[in-house]
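protein.cif, holding mmCIF, C-alpha atoms:
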```cif
data_start
#
loop_
_atom_site.label_atom_id
_atom_site.label_comp_id
_atom_site.auth_asym_id
_atom_site.auth_seq_id
_atom_site.Cartn_x
_atom_site.Cartn_y
_atom_site.Cartn_z
CA MET A 1 41.75 -29.30 11.48
CA SER A 2 38.30 -30.67 11.51
CA SER A 3 35.32 -30.11 9.38
CA ASN A 4 34.49 -26.71 10.67
CA GLY A 5 36.25 -23.46 10.13
CA GLU A 6 37.65 -24.26 6.73
CA GLY A 7 37.65 -21.88 3.87
CA GLN A 8 39.44 -18.95 5.38
CA ALA A 9 40.78 -16.76 2.67
CA ASP A 10 44.35 -16.72 3.88
CA SER A 11 46.57 -19.38 2.39
CA GLY A 12 44.01 -21.18 0.29
CA GLY A 13 44.23 -18.45 -2.31
CA ASN A 14 43.78 -14.90 -1.35
CA ASP A 15 43.12 -13.10 -4.54
CA ASP A 16 41.39 -15.43 -6.89
CA GLU A 17 38.36 -17.63 -7.27
CA ASP A 18 39.22 -19.44 -4.07
CA GLN A 19 36.36 -18.04 -2.16
CA THR A 20 35.22 -18.67 1.31
CA HIS A 21 32.27 -20.63 2.38
CA GLY A 22 31.23 -20.64 5.88
CA GLY A 23 30.80 -23.06 8.67
CA ALA A 24 30.26 -26.78 8.73
CA ALA A 25 27.33 -26.68 6.35
CA PRO A 26 28.29 -26.95 2.68
CA ALA A 27 27.86 -23.73 0.78
CA LEU A 28 25.01 -23.33 -1.65
CA ILE A 29 27.41 -23.22 -4.59
CA GLU A 30 28.52 -26.76 -3.75
CA TRP A 31 24.97 -28.00 -4.13
CA VAL A 32 24.55 -26.01 -7.33
CA LEU A 33 27.68 -27.69 -8.74
CA ALA A 34 26.37 -31.05 -7.61
CA GLY A 35 23.07 -30.32 -9.34
CA VAL A 36 24.71 -29.26 -12.61
CA SER A 37 26.92 -32.36 -12.49
CA ALA A 38 23.90 -34.58 -11.88
CA VAL A 39 22.10 -33.09 -14.88
CA LEU A 40 25.14 -33.60 -17.15
CA LEU A 41 25.68 -37.16 -15.94
CA PHE A 42 22.02 -38.07 -16.33
CA GLY A 43 22.21 -36.65 -19.83
CA VAL A 44 25.01 -39.07 -20.67
CA ILE A 45 23.26 -41.98 -18.98
CA GLY A 46 20.03 -41.10 -20.76
CA LEU A 47 21.73 -41.06 -24.14
CA PHE A 48 23.42 -44.40 -23.44
CA LEU A 49 20.09 -45.93 -22.39
CA PHE A 50 18.46 -44.53 -25.52
CA GLU A 51 21.25 -46.02 -27.65
CA ALA A 52 21.00 -49.33 -25.81
CA LEU A 53 17.26 -49.56 -26.42
CA THR A 54 17.24 -48.34 -30.02
CA ASN A 55 20.44 -50.04 -31.20
CA ASP A 56 19.22 -52.78 -33.52
CA GLY A 57 22.55 -54.58 -33.42
CA GLY A 58 23.02 -54.11 -37.13
CA GLY A 59 26.40 -53.72 -38.75
CA PRO A 60 27.94 -50.56 -40.11
CA VAL A 61 26.21 -48.78 -43.00
CA LEU A 62 28.85 -47.06 -45.08
CA PHE A 63 28.42 -44.37 -47.70
CA VAL A 64 31.31 -42.79 -49.56
CA LYS A 65 31.07 -39.36 -51.10
CA ALA A 66 33.78 -37.91 -53.32
CA GLU A 67 34.43 -34.21 -53.52
CA ALA A 68 35.85 -32.04 -56.31
CA ALA A 69 39.29 -33.03 -57.60
CA GLU A 70 42.25 -30.73 -57.20
CA ASP A 71 45.43 -30.60 -59.25
CA THR A 72 48.24 -30.95 -56.72
CA GLY A 73 51.04 -30.83 -59.27
CA ALA A 74 51.86 -34.39 -58.25
CA GLY A 75 48.70 -36.00 -59.53
CA PHE A 76 45.06 -35.17 -58.94
CA ARG A 77 43.70 -35.47 -55.45
CA VAL A 78 40.07 -36.38 -54.84
CA PRO A 79 39.11 -35.88 -51.19
CA PHE A 80 36.34 -38.15 -49.96
CA THR A 81 34.24 -38.70 -46.88
CA VAL A 82 33.01 -42.06 -45.65
CA GLN A 83 29.91 -41.78 -43.54
CA ASN A 84 28.74 -44.54 -41.23
CA THR A 85 25.04 -44.29 -40.41
CA GLY A 86 24.98 -47.70 -38.73
CA ASP A 87 25.21 -48.56 -35.06
CA MET A 88 28.54 -50.29 -35.30
CA THR A 89 32.04 -49.00 -35.92
CA ALA A 90 33.84 -50.27 -39.00
CA ALA A 91 37.61 -50.75 -38.95
CA ALA A 92 40.01 -51.10 -41.89
CA VAL A 93 37.48 -49.68 -44.33
CA VAL A 94 38.68 -50.08 -47.91
CA VAL A 95 37.27 -47.63 -50.45
CA GLU A 96 37.86 -47.64 -54.18
CA ALA A 97 37.44 -45.09 -56.93
CA THR A 98 37.66 -45.58 -60.69
CA ILE A 99 37.68 -43.29 -63.68
CA VAL A 100 37.90 -44.08 -67.38
CA PRO A 101 39.87 -41.30 -69.11
CA PRO A 102 38.90 -41.04 -72.79
CA GLY A 103 40.99 -43.31 -74.97
CA GLN A 104 42.85 -44.76 -72.01
CA PRO A 105 42.45 -47.79 -69.77
CA GLU A 106 40.49 -47.53 -66.56
CA GLU A 107 42.39 -45.92 -63.68
CA ARG A 108 41.75 -47.16 -60.16
CA ALA A 109 42.59 -45.64 -56.76
CA GLU A 110 42.19 -47.20 -53.36
CA ALA A 111 42.41 -46.03 -49.76
CA THR A 112 42.09 -47.74 -46.38
CA LEU A 113 40.65 -45.94 -43.39
CA ASP A 114 41.57 -47.18 -39.91
CA TYR A 115 38.17 -46.46 -38.42
CA VAL A 116 34.79 -45.12 -39.37
CA PRO A 117 33.00 -44.93 -36.00
CA ALA A 118 29.27 -45.53 -35.69
CA GLN A 119 27.21 -42.49 -36.70
CA SER A 120 30.35 -40.65 -37.64
CA GLU A 121 32.44 -39.82 -40.66
CA THR A 122 36.07 -40.08 -41.65
CA ASN A 123 37.93 -38.25 -44.41
CA GLY A 124 40.53 -39.46 -46.85
CA GLY A 125 41.74 -38.88 -50.38
CA PHE A 126 42.35 -40.67 -53.71
CA PHE A 127 45.14 -39.89 -56.13
CA PHE A 128 44.80 -40.14 -59.90
CA GLU A 129 47.29 -39.50 -62.65
CA ALA A 130 44.63 -38.56 -65.15
CA ASP A 131 42.41 -35.54 -64.54
CA PRO A 132 39.13 -36.84 -63.08
CA ARG A 133 37.37 -33.50 -63.53
CA GLY A 134 34.54 -33.87 -65.96
CA LEU A 135 34.81 -37.64 -65.90
CA ASP A 136 32.42 -40.11 -64.33
CA LEU A 137 34.02 -40.94 -60.97
CA GLN A 138 32.79 -44.21 -59.47
CA VAL A 139 33.38 -44.67 -55.75
CA ARG A 140 32.40 -47.55 -53.52
CA VAL A 141 33.24 -49.19 -50.21
CA LEU A 142 34.85 -52.58 -50.73
CA GLY A 143 34.85 -53.93 -47.20
CA TYR A 144 35.61 -53.46 -43.54
CA GLN A 145 36.68 -55.31 -40.42
CA GLU A 146 34.86 -55.47 -37.11
CA PRO A 147 36.96 -53.63 -34.56
CA MET B 148 58.88 -27.58 4.92
CA ALA B 149 61.54 -28.59 7.36
CA GLU B 150 64.47 -28.11 5.02
CA THR B 151 66.97 -27.13 7.64
CA GLU B 152 70.73 -26.66 7.68
CA THR B 153 71.11 -26.52 3.90
CA SER B 154 71.99 -23.47 1.90
CA PRO B 155 69.32 -21.99 -0.38
CA ILE B 156 71.43 -22.79 -3.44
CA SER B 157 71.78 -26.48 -2.68
CA GLN B 158 68.10 -26.56 -1.79
CA LEU B 159 67.34 -25.14 -5.21
CA TRP B 160 69.49 -27.73 -6.97
CA THR B 161 67.89 -30.51 -4.98
CA GLY B 162 64.51 -29.11 -6.00
CA LEU B 163 65.48 -28.94 -9.66
CA GLY B 164 66.87 -32.48 -9.53
CA ARG B 165 63.67 -33.73 -8.01
CA ALA B 166 61.69 -31.88 -10.65
CA PHE B 167 63.73 -33.56 -13.39
CA GLY B 168 63.16 -36.94 -11.80
CA GLY B 169 59.47 -36.21 -11.38
CA ALA B 170 59.17 -35.15 -15.01
CA LEU B 171 60.72 -38.45 -16.05
CA ILE B 172 58.61 -40.60 -13.74
CA PHE B 173 55.41 -38.98 -14.90
CA GLY B 174 56.48 -38.44 -18.48
CA LEU B 175 58.15 -41.73 -19.43
CA PRO B 176 54.97 -43.68 -20.25
CA MET B 177 54.08 -40.96 -22.73
CA LEU B 178 57.62 -40.48 -24.02
CA MET B 179 57.66 -44.15 -24.99
CA THR B 180 54.31 -44.10 -26.74
CA MET B 181 54.35 -43.93 -30.52
CA GLU B 182 51.08 -42.06 -30.86
CA LEU B 183 52.51 -39.13 -28.94
CA TRP B 184 55.37 -38.68 -31.35
CA GLN B 185 52.83 -38.64 -34.16
CA LEU B 186 50.59 -36.20 -32.33
CA GLY B 187 53.58 -33.89 -32.24
CA PHE B 188 53.08 -33.19 -35.92
CA SER B 189 49.40 -33.94 -36.39
CA VAL B 190 47.86 -31.88 -33.59
CA ASP B 191 46.37 -28.59 -34.61
CA ARG B 192 48.82 -25.81 -33.64
CA LEU B 193 46.10 -23.63 -32.13
CA ARG B 194 45.02 -26.45 -29.83
CA MET B 195 48.61 -27.10 -28.89
CA ALA B 196 48.94 -23.44 -27.92
CA LEU B 197 45.74 -23.77 -25.90
CA LEU B 198 47.20 -26.81 -24.12
CA LEU B 199 50.20 -24.71 -23.11
CA LEU B 200 48.07 -21.74 -22.10
CA PHE B 201 45.91 -24.08 -20.04
CA THR B 202 48.91 -25.79 -18.47
CA MET B 203 50.62 -22.65 -17.20
CA PRO B 204 47.95 -21.34 -14.80
CA LEU B 205 47.39 -24.94 -13.73
CA LEU B 206 51.05 -25.29 -12.86
CA ALA B 207 51.07 -21.98 -11.01
CA ALA B 208 48.04 -23.00 -8.98
CA LEU B 209 49.59 -26.39 -8.34
CA ALA B 210 52.81 -24.73 -7.23
CA ARG B 211 50.76 -22.89 -4.63
CA GLN B 212 49.63 -26.21 -3.26
CA VAL B 213 52.60 -28.51 -3.77
CA GLY B 214 55.70 -27.00 -5.26
CA PHE B 215 59.40 -27.76 -5.10
CA GLU B 216 59.73 -24.67 -3.01
CA LYS B 217 57.41 -23.14 -0.55
CA THR B 218 55.71 -20.36 -2.44
CA ARG B 219 54.50 -17.28 -0.70
CA ASN B 220 52.67 -15.50 -3.49
CA TRP B 221 51.38 -15.92 -7.03
CA ILE B 222 54.50 -14.42 -8.64
CA GLU B 223 56.63 -17.11 -7.05
CA ALA B 224 54.06 -19.73 -7.93
CA ALA B 225 54.06 -18.63 -11.57
CA ARG B 226 57.86 -18.70 -11.56
CA ASP B 227 57.89 -22.24 -10.16
CA GLY B 228 55.32 -23.28 -12.72
CA LEU B 229 57.48 -21.94 -15.54
CA ILE B 230 60.56 -23.68 -14.12
CA ALA B 231 58.61 -26.94 -13.99
CA LEU B 232 57.55 -26.49 -17.60
CA PHE B 233 61.11 -25.73 -18.65
CA ILE B 234 62.51 -28.76 -16.83
CA ALA B 235 59.79 -30.95 -18.31
CA ALA B 236 60.62 -29.69 -21.81
CA LEU B 237 64.31 -30.27 -21.16
CA ALA B 238 63.72 -33.81 -19.87
CA SER B 239 61.40 -34.61 -22.79
CA GLY B 240 63.87 -33.20 -25.28
CA VAL B 241 66.81 -35.16 -23.88
CA ILE B 242 64.87 -38.43 -23.83
CA LEU B 243 63.41 -37.97 -27.33
CA VAL B 244 66.90 -37.26 -28.71
CA LEU B 245 68.30 -40.35 -26.99
CA PHE B 246 65.45 -42.45 -28.36
CA GLY B 247 66.29 -41.23 -31.85
CA VAL B 248 62.84 -39.74 -32.24
CA ILE B 249 64.31 -36.28 -32.65
CA THR B 250 67.28 -36.17 -35.02
CA THR B 251 69.12 -33.43 -36.84
CA GLU B 252 66.82 -34.05 -39.78
CA THR B 253 63.61 -33.49 -37.85
CA PRO B 254 61.95 -30.23 -38.89
CA LEU B 255 61.88 -27.58 -36.17
CA ARG B 256 58.08 -27.46 -36.28
CA GLU B 257 57.93 -31.14 -35.46
CA ILE B 258 60.55 -30.93 -32.70
CA VAL B 259 58.60 -28.15 -31.01
CA GLY B 260 55.33 -30.06 -31.39
CA LYS B 261 56.73 -33.26 -29.93
CA ILE B 262 58.31 -31.56 -26.96
CA VAL B 263 55.33 -29.33 -26.20
CA ILE B 264 52.89 -32.21 -26.16
CA GLN B 265 55.15 -34.25 -23.90
CA SER B 266 55.87 -31.33 -21.62
CA ALA B 267 52.33 -30.82 -20.43
CA PRO B 268 52.04 -34.02 -18.36
CA ALA B 269 55.76 -34.11 -17.57
CA SER B 270 55.56 -30.63 -16.06
CA ILE B 271 52.84 -31.80 -13.70
CA GLY B 272 55.25 -34.54 -12.67
CA ALA B 273 58.03 -32.01 -12.22
CA LEU B 274 55.87 -30.00 -9.84
CA LEU B 275 54.54 -33.01 -7.99
CA ALA B 276 58.06 -34.29 -7.50
CA ARG B 277 58.21 -32.26 -4.35
CA SER B 278 55.44 -34.20 -2.69
CA GLN B 279 56.32 -37.49 -4.37
CA LEU B 280 60.07 -37.68 -3.91
CA GLY B 281 60.57 -35.20 -1.13
CA GLY B 282 61.63 -36.52 2.22
CA ASP B 283 59.12 -34.50 4.13
CA GLY B 284 55.89 -36.37 3.84
CA GLY B 285 53.88 -33.88 5.77
CA ARG B 286 52.20 -32.05 2.94
CA ALA B 287 48.63 -32.78 3.82
CA ASP B 288 49.00 -31.33 7.25
CA ASP B 289 49.97 -27.84 6.34
CA ARG B 290 47.62 -27.30 3.45
CA GLU B 291 44.32 -25.59 3.78
CA GLU B 292 41.71 -27.92 2.44
CA THR B 293 38.98 -25.86 0.92
CA TYR B 294 36.25 -27.24 -1.30
CA TRP B 295 37.76 -25.46 -4.32
CA GLY B 296 41.22 -26.69 -3.43
CA GLU B 297 39.95 -30.25 -3.35
CA LEU B 298 38.23 -29.85 -6.72
CA PHE B 299 41.41 -28.38 -8.12
CA LEU B 300 43.52 -31.30 -6.93
CA MET B 301 40.95 -33.70 -8.35
CA SER B 302 41.18 -31.93 -11.70
CA VAL B 303 44.96 -32.16 -11.71
CA GLY B 304 44.80 -35.89 -10.97
CA ALA B 305 42.16 -36.42 -13.64
CA LEU B 306 44.04 -34.36 -16.20
CA PHE B 307 47.30 -36.09 -15.49
CA LEU B 308 46.05 -39.65 -15.86
CA SER B 309 43.84 -38.86 -18.85
CA LEU B 310 46.69 -37.03 -20.62
CA ASN B 311 48.74 -40.18 -20.19
CA VAL B 312 46.33 -42.50 -21.96
CA ALA B 313 44.28 -40.22 -24.20
CA PRO B 314 46.70 -40.19 -27.14
CA THR B 315 46.80 -43.96 -27.58
CA GLU B 316 44.69 -45.55 -30.26
CA GLU B 317 43.46 -48.10 -27.76
CA MET B 318 41.43 -45.34 -26.12
CA VAL B 319 39.12 -44.90 -29.06
CA LEU B 320 39.30 -48.56 -30.02
CA ILE B 321 37.95 -49.55 -26.60
CA SER B 322 35.06 -47.16 -27.04
CA TYR B 323 34.28 -48.68 -30.46
CA VAL B 324 33.93 -52.21 -29.16
CA MET B 325 31.87 -51.23 -26.12
CA SER B 326 28.10 -51.43 -26.19
CA PRO B 327 25.95 -48.79 -24.44
CA TRP B 328 25.46 -51.27 -21.59
CA HIS B 329 29.22 -51.56 -21.18
CA GLY B 330 29.34 -47.77 -21.05
CA LEU B 331 26.71 -47.63 -18.31
CA GLY B 332 28.60 -50.28 -16.35
CA LEU B 333 31.82 -48.30 -16.66
CA ILE B 334 30.11 -45.14 -15.38
CA ALA B 335 28.82 -47.07 -12.38
CA LEU B 336 32.21 -48.60 -11.63
CA SER B 337 33.99 -45.24 -12.02
CA LEU B 338 31.62 -43.61 -9.54
CA LEU B 339 31.85 -46.52 -7.11
CA LEU B 340 35.66 -46.60 -7.10
CA MET B 341 35.83 -42.84 -6.88
CA HIS B 342 33.54 -42.72 -3.94
CA GLY B 343 35.61 -45.41 -2.27
CA PHE B 344 38.64 -43.14 -2.54
CA VAL B 345 36.70 -40.08 -1.45
CA TYR B 346 35.37 -41.97 1.53
CA ALA B 347 38.80 -43.37 2.34
CA VAL B 348 40.29 -39.89 2.65
CA SER B 349 37.21 -38.20 3.95
CA PHE B 350 38.30 -38.24 7.58
CA LYS B 351 41.96 -37.70 6.91
CA GLY B 352 43.48 -34.37 7.82
CA GLY B 353 40.43 -32.21 7.82
CA SER B 354 38.71 -32.66 4.50
CA GLU B 355 35.28 -31.19 4.36
CA LEU B 356 33.46 -34.34 5.25
CA SER B 357 32.58 -35.14 8.78
CA PRO B 358 31.25 -38.38 10.20
CA ASP B 359 27.87 -36.88 10.99
CA MET B 360 27.18 -35.98 7.38
CA PRO B 361 25.06 -38.44 5.42
CA TRP B 362 26.95 -40.45 2.78
CA TRP B 363 25.10 -38.81 -0.09
CA SER B 364 26.36 -35.39 0.91
CA GLY B 365 29.94 -36.37 0.16
CA PHE B 366 28.85 -38.38 -2.84
CA LEU B 367 27.03 -35.49 -4.46
CA ARG B 368 29.48 -32.74 -3.58
CA PHE B 369 32.77 -34.58 -4.17
CA THR B 370 32.33 -37.83 -6.07
CA LEU B 371 29.70 -36.69 -8.53
CA VAL B 372 31.19 -33.24 -9.15
CA GLY B 373 34.69 -34.76 -9.38
CA TYR B 374 33.55 -37.38 -11.86
CA VAL B 375 31.81 -34.90 -14.12
CA LEU B 376 34.88 -32.65 -13.91
CA GLY B 377 36.92 -35.66 -15.01
CA LEU B 378 34.54 -36.26 -17.93
CA LEU B 379 34.77 -32.61 -19.02
CA LEU B 380 38.57 -32.72 -18.83
CA SER B 381 38.56 -35.97 -20.81
CA LEU B 382 36.48 -34.31 -23.49
CA THR B 383 38.88 -31.37 -23.60
CA VAL B 384 41.90 -33.66 -23.87
CA LEU B 385 40.27 -35.70 -26.65
CA TRP B 386 39.45 -32.49 -28.48
CA ILE B 387 42.99 -31.15 -28.14
CA PHE B 388 44.35 -34.39 -29.59
CA GLY B 389 41.87 -34.19 -32.46
CA ARG B 390 40.00 -37.37 -31.53
CA THR B 391 36.54 -35.85 -31.71
CA GLU B 392 36.49 -34.71 -35.33
CA GLY B 393 33.68 -36.08 -37.45
CA VAL B 394 32.65 -38.45 -34.68
CA GLY B 395 29.01 -38.61 -33.64
CA VAL B 396 27.79 -37.42 -30.24
CA TYR B 397 27.18 -40.89 -28.85
CA GLN B 398 30.52 -42.28 -29.99
CA ASN B 399 32.31 -39.22 -28.59
CA LEU B 400 30.58 -39.58 -25.25
CA MET B 401 31.58 -43.24 -25.15
CA SER B 402 35.24 -42.23 -25.64
CA VAL B 403 34.78 -39.61 -22.93
CA VAL B 404 33.40 -42.21 -20.52
CA VAL B 405 36.27 -44.60 -21.34
CA LEU B 406 38.84 -41.85 -20.76
CA GLY B 407 36.80 -40.73 -17.78
CA PHE B 408 37.62 -43.99 -16.04
CA PRO B 409 41.36 -43.28 -15.59
CA ALA B 410 40.44 -39.64 -15.03
CA ALA B 411 38.14 -40.64 -12.18
CA ILE B 412 40.82 -42.81 -10.60
CA GLY B 413 43.35 -40.01 -11.02
CA ALA B 414 40.98 -37.45 -9.53
CA ALA B 415 40.15 -39.59 -6.53
CA ALA B 416 43.72 -40.73 -5.93
CA ALA B 417 45.05 -37.19 -6.21
CA ARG B 418 43.36 -36.33 -2.93
CA LEU B 419 45.25 -39.18 -1.30
CA ILE B 420 48.61 -38.59 -2.93
CA LEU B 421 49.01 -34.85 -3.18
#
```
Show the structure stored in the file as C-alpha cells.
Amino acid sequence: MSSNGEGQADSGGNDDEDQTHGGAAPALIEWVLAGVSAVLLFGVIGLFLFEALTNDGGGPVLFVKAEAAEDTGAGFRVPFTVQNTGDMTAAAVVVEATIVPPGQPEERAEATLDYVPAQSETNGGFFFEADPRGLDLQVRVLGYQEP
Amino acid sequence: MAETETSPISQLWTGLGRAFGGALIFGLPMLMTMELWQLGFSVDRLRMALLLLFTMPLLAALARQVGFEKTRNWIEAARDGLIALFIAALASGVILVLFGVITTETPLREIVGKIVIQSAPASIGALLARSQLGGDGGRADDREETYWGELFLMSVGALFLSLNVAPTEEMVLISYVMSPWHGLGLIALSLLLMHGFVYAVSFKGGSELSPDMPWWSGFLRFTLVGYVLGLLLSLTVLWIFGRTEGVGVYQNLMSVVVLGFPAAIGAAAARLIL
C-alpha cells in the first residue's frame, strides 16, 4: 500500500485506541504529539545547557547526616544520608561515625557507598554495639573516588 | 501466514518451540547479568507487579501485530501474550536453575522476583520469535501500518533494548562520568541515527511517509515522537529498577538520555525488524 488510505479501522485494531486518521495528510493529533515531544525534548536540552553553563567544574561536596538510632536486637542501627550538593558524582564514598560510651573506649563504625551522584543523596547505615542514643554521635565523610 | 500442509497441533508445537528459542535469544544477555539476579530481590514488589501489569497488555497488543499464531481477536491475542509470558518464565527458570542462581535454598520470594524480572524482556522475545525465526518473512506486507501501530512498534523496540541494559551498573556509571555537553551530543546522535532508520524504512511497504513530504514532517512525527517515547520508557524502566531514588533531576535526566540511546536504536530498528 502507499501513503494514502491508511488507518482503516479494520485490522489495525478495531476496538481500542487505534483510531483512524484520514487521507495522505497527517492527522492533527500527530502534530500535537510532535509538539508535546518537542517541548519535552527542549526542556531536557535546556536543562543540560543550563548545567553546562553553570557547572563550575568543582568536585563533589558531601554532607553526612545521621538519623535516630534504632535497637535492632543485633546491635544499634543508625541510618544516615549522604548528600552531594556539588556538580560531580562521588564514588566509593567512605563515611565514619564515632561515639564514646561513658566509661568505655571510643566505638567507631564505617560504611562505604558505591555512588553519591551530583546533586543527589544516598542512604546507608552504621552499626554500633553500644547504645548511641543520648550520646554525642560524630559523623564525617572520609573520602571518595572519582567515578 | 502460509503454514500449509501441517496439522494445527504440530503448528502449535512449532510455535511454542520458536517462542522458547525466542525467549532465550532475547533473554540470555539479561539472564547472564549479575545485576538482574540482584534486582530480583531488591526491586520494590509493587513496581515489579506494575512491570507485569504493563507487560501483559503490551504482549497482547504485540500478539495482534506479530504473534506465533495468526490472531483474529483480542481474546486470542491475550491468550498468546499469556503463553509467551509463561514460556518466558519457564525458559528463565530453567536457565537460572542450570546456572545455579536458583537453588533449593533460595527463598520463594527471591525465586519469583528473579523469574518475573527476567520474564518481561524474554516474553517479548518469545512473541517476536514468530517474525524472527519463522520461515515466512512476509510480515511487513500483511500488516496495516497505522501511525499508532508504528509508534507502538517503536515503543516495543525501545522497551526491549532499554530493559536489556537498564539494570547494569554501567548505565548509571556512564551517566556519572558524562558532562552536560556529552549529554547534548548523545541526544543529537540518537536523533540522527534514529532518523536514519526512519528514513531508511520510510518508503518500505507503505509506511506513512511519502516522497513528496518534506523531511521535517517525518522527523517531527516519527523520529522526534519516537525518541521522546523512548526517553519516557527509559525513565519508567529506571524507576521500576529503583535507579531514580534520591537522585537529582539533572542526574536522572542524564541517565535517561544514556538509556535513551539504546532505546532510540531499538525503537528505530523495530520498524525494520518487526
Next item on the list: Kindly indicate which residue among B:Ile258, B:Ala170, B:Leu378, B:Val319 lies nearest to Phe233 of chain B, using only C-alpha atoms for the distances.
Entry: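 The answer is B:Ala170, which sits nearest to Phe233 of chain B.
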Notebook entry, point to check: Got a sec: who's within 7 Å of segment 122-131 of chain A, counting only C-alpha atoms, leaving out chain neighbours fewer than 4 positions off, as a ChimeraX atom specification?
Noted result: /A:75-83,101,109-111,116 /B:393
Next item on the list: Just say which residues the PyMOL selection byres ((chain A and resi 93) around 8) picks in this file, as a list in words.
Entry: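 Taken over the shown coordinates, the PyMOL selection byres ((chain A and resi 93) around 8) returns Ala90, Ala91, Ala92, Val94, Val95, Thr112, Leu113, Asp114, Tyr115, Val116, Val141, Leu142, Gly143, Tyr144 and Gln145 of chain A.
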Next item on the list: Would you kindly translate the PyMOL selection byres ((chain B and resi 182) around 12) into the concrete residues it picks from this file, as a PyMOL selection string?
Entry: chain B and resi 176-181+183-190+261+264-265+311-318+388
Next item on the list: Figure out the distance between atom CA of Leu197 of chain B and atom CA of Pro268 of chain B, please, to one decimal in Å.
Entry: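 About the pair atom CA of Pro268 of chain B and atom CA of Leu197 of chain B: they are 14.2 Å apart.
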Notebook entry, point to check: What is the distance, in Å and to one decimal place, between atom CA of Gly389 of chain B and atom CA of Met195 of chain B?
Noted result: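 These two atoms are separated by 10.4 Å.
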Checklist line | Distance criterion (all atoms listed in the file): nearest to chain A out of B:Leu406, B:Leu382, B:Val324, B:Ala414 | finding: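 Of B:Leu406, B:Leu382, B:Val324, B:Ala414, the one nearest chain A, counting all atoms listed in the file, is B:Val324.
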Next item on the list: Would you mind listing what lies within 7 Å of Ala34 of chain A as a VMD selection string, with all atoms listed in the file counted and same-chain residues fewer than 2 positions away left out?
Entry: (chain A and resid 30 to 32 36 to 38) or (chain B and resid 367 to 368 371 to 372)
Notebook entry, point to check: Which neighbours of Ile45 of chain A fall inside 12 Å, counting all atoms listed in the file, when residues of the same chain fewer than 4 positions from it are skipped, and could you give them as a list of chain:residue names?
Noted result: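 Contacts, in chain order: A:Ala38, A:Val39, A:Leu40, A:Leu41, A:Leu49, A:Phe50, A:Glu51, A:Ala52, B:Pro327, B:Trp328, B:His329, B:Gly330, B:Leu331, B:Gly332, B:Leu333, B:Ile334, B:Ala335, B:Tyr397, B:Leu400, B:Met401, B:Val404.
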Kindly save the residues from that selection, with C-alpha atoms included, as a PDB file, keeping the file's coordinate frame.
```pdb
ATOM      1  CA  ALA A  38      23.900 -34.580 -11.880  1.00  0.00           C
ATOM      2  CA  VAL A  39      22.100 -33.090 -14.880  1.00  0.00           C
ATOM      3  CA  LEU A  40      25.140 -33.600 -17.150  1.00  0.00           C
ATOM      4  CA  LEU A  41      25.680 -37.160 -15.940  1.00  0.00           C
ATOM      5  CA  LEU A  49      20.090 -45.930 -22.390  1.00  0.00           C
ATOM      6  CA  PHE A  50      18.460 -44.530 -25.520  1.00  0.00           C
ATOM      7  CA  GLU A  51      21.250 -46.020 -27.650  1.00  0.00           C
ATOM      8  CA  ALA A  52      21.000 -49.330 -25.810  1.00  0.00           C
TER       9      ALA A  52
ATOM     10  CA  PRO B 327      25.950 -48.790 -24.440  1.00  0.00           C
ATOM     11  CA  TRP B 328      25.460 -51.270 -21.590  1.00  0.00           C
ATOM     12  CA  HIS B 329      29.220 -51.560 -21.180  1.00  0.00           C
ATOM     13  CA  GLY B 330      29.340 -47.770 -21.050  1.00  0.00           C
ATOM     14  CA  LEU B 331      26.710 -47.630 -18.310  1.00  0.00           C
ATOM     15  CA  GLY B 332      28.600 -50.280 -16.350  1.00  0.00           C
ATOM     16  CA  LEU B 333      31.820 -48.300 -16.660  1.00  0.00           C
ATOM     17  CA  ILE B 334      30.110 -45.140 -15.380  1.00  0.00           C
ATOM     18  CA  ALA B 335      28.820 -47.070 -12.380  1.00  0.00           C
ATOM     19  CA  TYR B 397      27.180 -40.890 -28.850  1.00  0.00           C
ATOM     20  CA  LEU B 400      30.580 -39.580 -25.250  1.00  0.00           C
ATOM     21  CA  MET B 401      31.580 -43.240 -25.150  1.00  0.00           C
ATOM     22  CA  VAL B 404      33.400 -42.210 -20.520  1.00  0.00           C
TER      23      VAL B 404
END
```
Item checked: Residue among A:Thr85, A:Val139, A:Leu62, A:Glu121 lying closest to chain B, counting all atoms listed in the file ->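 Under the stated criterion, the closest residue is A:Glu121.
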Item checked: Exercise: Gly164 of chain B partners within 12 Å, only C-alpha atoms, chain neighbours under 2 positions left out, as a PyMOL selection string -> chain B and resi 157-162+166-171+215+230-231+234-235+238+273-274+276-277+280-281
Output C-alpha atoms for every residue in the selection just made, as a PDB file, in the frame of the given file.
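And here's selection_10.pdb as it stands now:
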```
ATOM      1  CA  SER B 157      71.780 -26.480  -2.680  1.00  0.00           C
ATOM      2  CA  GLN B 158      68.100 -26.560  -1.790  1.00  0.00           C
ATOM      3  CA  LEU B 159      67.340 -25.140  -5.210  1.00  0.00           C
ATOM      4  CA  TRP B 160      69.490 -27.730  -6.970  1.00  0.00           C
ATOM      5  CA  THR B 161      67.890 -30.510  -4.980  1.00  0.00           C
ATOM      6  CA  GLY B 162      64.510 -29.110  -6.000  1.00  0.00           C
ATOM      7  CA  ALA B 166      61.690 -31.880 -10.650  1.00  0.00           C
ATOM      8  CA  PHE B 167      63.730 -33.560 -13.390  1.00  0.00           C
ATOM      9  CA  GLY B 168      63.160 -36.940 -11.800  1.00  0.00           C
ATOM     10  CA  GLY B 169      59.470 -36.210 -11.380  1.00  0.00           C
ATOM     11  CA  ALA B 170      59.170 -35.150 -15.010  1.00  0.00           C
ATOM     12  CA  LEU B 171      60.720 -38.450 -16.050  1.00  0.00           C
ATOM     13  CA  PHE B 215      59.400 -27.760  -5.100  1.00  0.00           C
ATOM     14  CA  ILE B 230      60.560 -23.680 -14.120  1.00  0.00           C
ATOM     15  CA  ALA B 231      58.610 -26.940 -13.990  1.00  0.00           C
ATOM     16  CA  ILE B 234      62.510 -28.760 -16.830  1.00  0.00           C
ATOM     17  CA  ALA B 235      59.790 -30.950 -18.310  1.00  0.00           C
ATOM     18  CA  ALA B 238      63.720 -33.810 -19.870  1.00  0.00           C
ATOM     19  CA  ALA B 273      58.030 -32.010 -12.220  1.00  0.00           C
ATOM     20  CA  LEU B 274      55.870 -30.000  -9.840  1.00  0.00           C
ATOM     21  CA  ALA B 276      58.060 -34.290  -7.500  1.00  0.00           C
ATOM     22  CA  ARG B 277      58.210 -32.260  -4.350  1.00  0.00           C
ATOM     23  CA  LEU B 280      60.070 -37.680  -3.910  1.00  0.00           C
ATOM     24  CA  GLY B 281      60.570 -35.200  -1.130  1.00  0.00           C
TER      25      GLY B 281
END
```
